[in-house]
Amino acid sequence: MSSGNEIIVGGHKVAHHFESAEQEFQASKLGIWLFLCTEILMFGGLFVGYVVFHNIYPEMFAEGAKHLDWKLGSLNTVVLLVSSFTMVLSIYYAQTNQSKKTSNMLLITFLCGLIFMVIKAFEYNHKIHMGLLPGELFTYENAQTANLAMYFSFYFLMTGLHGSHVLIGMGLIFWLWLRSRKNEFNKDYYTPLEIVGLFWHLVDVIWIYLFPLLYLVG
Amino acid sequence: MEHDSHHIIPFKTYLNILLGLLFLTVLTVLVAKPVSGFDAGVLNAFIAMLIASVKAGLVAAYFMHLKYDNKLHLALFLISIFFLVVLFAFSWFDIITRIQQLSTL
């Protein structure tokens with residue numbers, strides 16, 4: 001009966017089924033990468049559908065894109081890129097044992113996510129007032145091309161799924177911020193920062209493709 | 001014990017990557033037809049996706065640490081991209097070899 005084999009590294013107790021902190025770290029990273037693969041394939045299916053229908057109805061997609069404000073889209077792209085930068089800096093400061101800066105960076109990342117969602121809410125609000133909505137909810141009167149509702153089915157499904165990822169990411173980053181204020185992260189233990197960071201960057205990568213596809217390529 | 005996946009990338013590298021990403025964002029906006037009127041015809045979408053892929057590559061290599069990480073993670077990432085390409089290619093060849101029937105709804 002051996003119960004005295006606890007491994008504590010960087011203030012973190014390694015789960016009993018791991019041999020070492022390093023093994024635990026690697027297992028966590030493998031897990032999140034497998035999850036990210038399923039995310040890529042889920043969003044990928046929507047992207048393939050978008051490209052196929054864009055090819056069949058190019059004029060309709062061009063008209064749909066005109067209803068989107070590329071300035072707001074660009075602003076949101078910059079906000080997400082900056083948030084990715086601050087997210088990775090939170091890990092950098094944990095790796096160099098500057099815990100105050102780690103929690104500041106997490107807070108900035110969270111606020112960037114919030115700015116992104118507020119801008120998105122303004123955009124959605126505008127579309128809802130114009131009646132630019134999916135399927136039978138579509139009530140816009142001045143459509144120049146047939147099937148314009150399909151563009152907004154893609155728009156709301158893709159940005160909505162992406163937005164829900166941003167909200168989940170914000171929740172996780174807020175949780176990390178609370179933990180970082182208790183000095184839980186340091187150079188020997190920053191696994192949660194790394195895992196949530198990888199998720200947050202993937203959400204950023206998806207927006208990097210969504211932005212030109214929806215707002216610019218008309 | 002120093003392990004590859006704990007490699008610390010210098011602050012300056014992260015900053016340069018951010019500046020590169022912002023530059024590419026400006027570039028993709030500037031070459032967009034609705035913004036500047038620049039029109040390369042069928043290449044418009046191709047150019048936009050190419051710039052997006054360079055940006056995604058920078059994020060994956062540096063922010064997601066793939067460049068210095070265990071190569072298993074890079075392999076997983078590339079395998080998921082490969083299957084996405086398979087999905088795209090088969091759907092595409094299916095659609096373009098059909099007789100087009102446009103809905104008039």
# chains A, B, ... in the order shown; residues from 1 in each chain; ligands from 1
>>> interface_residues(of="chain A", to="chain B", cutoff="7 Å", atoms="only C-alpha atoms", output="mmCIF file with C-alpha atoms, in the first residue's frame")
data_model
loop_
_atom_site.group_PDB
_atom_site.id
_atom_site.type_symbol
_atom_site.label_atom_id
_atom_site.label_comp_id
_atom_site.auth_asym_id
_atom_site.auth_seq_id
_atom_site.Cartn_x
_atom_site.Cartn_y
_atom_site.Cartn_z
ATOM 1 C CA LEU A 30 -2.291 15.377 -26.919
ATOM 2 C CA TRP A 33 -4.920 18.556 -30.072
ATOM 3 C CA CYS A 37 -8.874 18.126 -34.928
ATOM 4 C CA ILE A 40 -11.289 21.708 -37.621
ATOM 5 C CA LEU A 41 -13.458 19.024 -39.232
ATOM 6 C CA GLY A 44 -14.451 22.480 -42.231
ATOM 7 C CA VAL A 48 -16.904 23.226 -47.835
ATOM 8 C CA VAL A 52 -19.717 24.818 -53.082
ATOM 9 C CA VAL A 78 -7.519 43.005 -35.215
ATOM 10 C CA PHE A 85 -0.964 37.767 -28.741
ATOM 11 C CA VAL A 88 0.446 33.652 -25.654
ATOM 12 C CA TYR A 92 5.376 33.531 -21.687
ATOM 13 C CA ALA A 146 -32.932 34.759 -55.665
ATOM 14 C CA ASN A 147 -32.062 32.642 -52.616
ATOM 15 C CA LEU A 198 -4.414 26.352 -27.954
ATOM 16 C CA HIS A 201 -5.751 30.321 -31.054
ATOM 17 C CA VAL A 205 -7.516 30.753 -36.930
ATOM 18 C CA ILE A 208 -8.883 34.358 -39.990
ATOM 19 C CA TYR A 209 -10.652 32.265 -42.670
ATOM 20 C CA PRO A 212 -12.232 37.212 -45.909
ATOM 21 C CA LEU A 216 -14.418 40.390 -48.586
ATOM 22 C CA VAL A 217 -14.871 37.701 -51.238
#
>>> residues_around(residues="Ala27 in chain A", least_positions_apart="6", cutoff="12 Å", atoms="only C-alpha atoms", output="PyMOL selection string")
(chain A and resi 14-15+17-21+33-34+191+195) or (chain B and resi 70+72-73)
>>> decode(residues="range 62-88 of chain B", atoms="N, CA and C atoms", output="short mmCIF file (atom, residue, chain, number, x, y, z; two decimals), in the first residue's frame")
data_model
loop_
_atom_site.label_atom_id
_atom_site.label_comp_id
_atom_site.auth_asym_id
_atom_site.auth_seq_id
_atom_site.Cartn_x
_atom_site.Cartn_y
_atom_site.Cartn_z
N TYR B 62 3.83 29.67 -34.29
CA TYR B 62 4.41 30.40 -33.15
C TYR B 62 3.48 30.47 -31.95
N PHE B 63 2.22 30.98 -32.16
CA PHE B 63 1.31 31.10 -31.01
C PHE B 63 0.90 29.72 -30.48
N MET B 64 0.73 28.75 -31.39
CA MET B 64 0.35 27.42 -30.94
C MET B 64 1.58 26.52 -30.75
N HIS B 65 2.76 27.13 -30.88
CA HIS B 65 4.03 26.48 -30.54
C HIS B 65 4.36 25.25 -31.38
N LEU B 66 3.70 25.07 -32.53
CA LEU B 66 3.93 23.84 -33.30
C LEU B 66 5.37 23.74 -33.80
N LYS B 67 6.00 24.91 -34.02
CA LYS B 67 7.35 24.88 -34.58
C LYS B 67 8.34 24.17 -33.65
N TYR B 68 8.15 24.36 -32.34
CA TYR B 68 9.11 23.80 -31.38
C TYR B 68 8.55 22.60 -30.63
N ASP B 69 7.30 22.26 -30.94
CA ASP B 69 6.58 21.27 -30.14
C ASP B 69 6.90 19.85 -30.61
N ASN B 70 6.45 18.89 -29.81
CA ASN B 70 6.41 17.49 -30.19
C ASN B 70 5.76 17.38 -31.58
N LYS B 71 6.45 16.72 -32.51
CA LYS B 71 5.98 16.67 -33.90
C LYS B 71 4.67 15.88 -34.05
N LEU B 72 4.32 15.12 -33.02
CA LEU B 72 3.05 14.39 -33.04
C LEU B 72 1.88 15.35 -33.19
N HIS B 73 1.96 16.51 -32.53
CA HIS B 73 0.86 17.48 -32.60
C HIS B 73 0.75 18.09 -33.99
N LEU B 74 1.90 18.35 -34.60
CA LEU B 74 1.90 18.84 -35.98
C LEU B 74 1.28 17.80 -36.90
N ALA B 75 1.63 16.52 -36.69
CA ALA B 75 1.08 15.45 -37.53
C ALA B 75 -0.44 15.39 -37.40
N LEU B 76 -0.94 15.49 -36.16
CA LEU B 76 -2.40 15.46 -35.95
C LEU B 76 -3.07 16.61 -36.69
N PHE B 77 -2.48 17.80 -36.56
CA PHE B 77 -3.01 19.00 -37.21
C PHE B 77 -3.07 18.79 -38.72
N LEU B 78 -1.97 18.31 -39.30
CA LEU B 78 -1.91 18.14 -40.75
C LEU B 78 -2.85 17.04 -41.22
N ILE B 79 -3.03 15.98 -40.41
CA ILE B 79 -3.93 14.89 -40.80
C ILE B 79 -5.37 15.42 -40.88
N SER B 80 -5.76 16.27 -39.90
CA SER B 80 -7.12 16.81 -39.94
C SER B 80 -7.30 17.71 -41.16
N ILE B 81 -6.25 18.48 -41.52
CA ILE B 81 -6.32 19.32 -42.72
C ILE B 81 -6.43 18.42 -43.96
N PHE B 82 -5.67 17.33 -43.97
CA PHE B 82 -5.71 16.41 -45.12
C PHE B 82 -7.12 15.88 -45.33
N PHE B 83 -7.78 15.46 -44.26
CA PHE B 83 -9.13 14.90 -44.43
C PHE B 83 -10.13 15.98 -44.82
N LEU B 84 -9.86 17.21 -44.43
CA LEU B 84 -10.70 18.32 -44.87
C LEU B 84 -10.55 18.51 -46.38
N VAL B 85 -9.32 18.39 -46.88
CA VAL B 85 -9.07 18.51 -48.32
C VAL B 85 -9.77 17.38 -49.07
N VAL B 86 -9.74 16.17 -48.50
CA VAL B 86 -10.44 15.03 -49.12
C VAL B 86 -11.93 15.34 -49.22
N LEU B 87 -12.51 15.82 -48.13
CA LEU B 87 -13.94 16.17 -48.13
C LEU B 87 -14.24 17.21 -49.20
N PHE B 88 -13.37 18.23 -49.25
CA PHE B 88 -13.58 19.31 -50.21
C PHE B 88 -13.46 18.79 -51.64
#
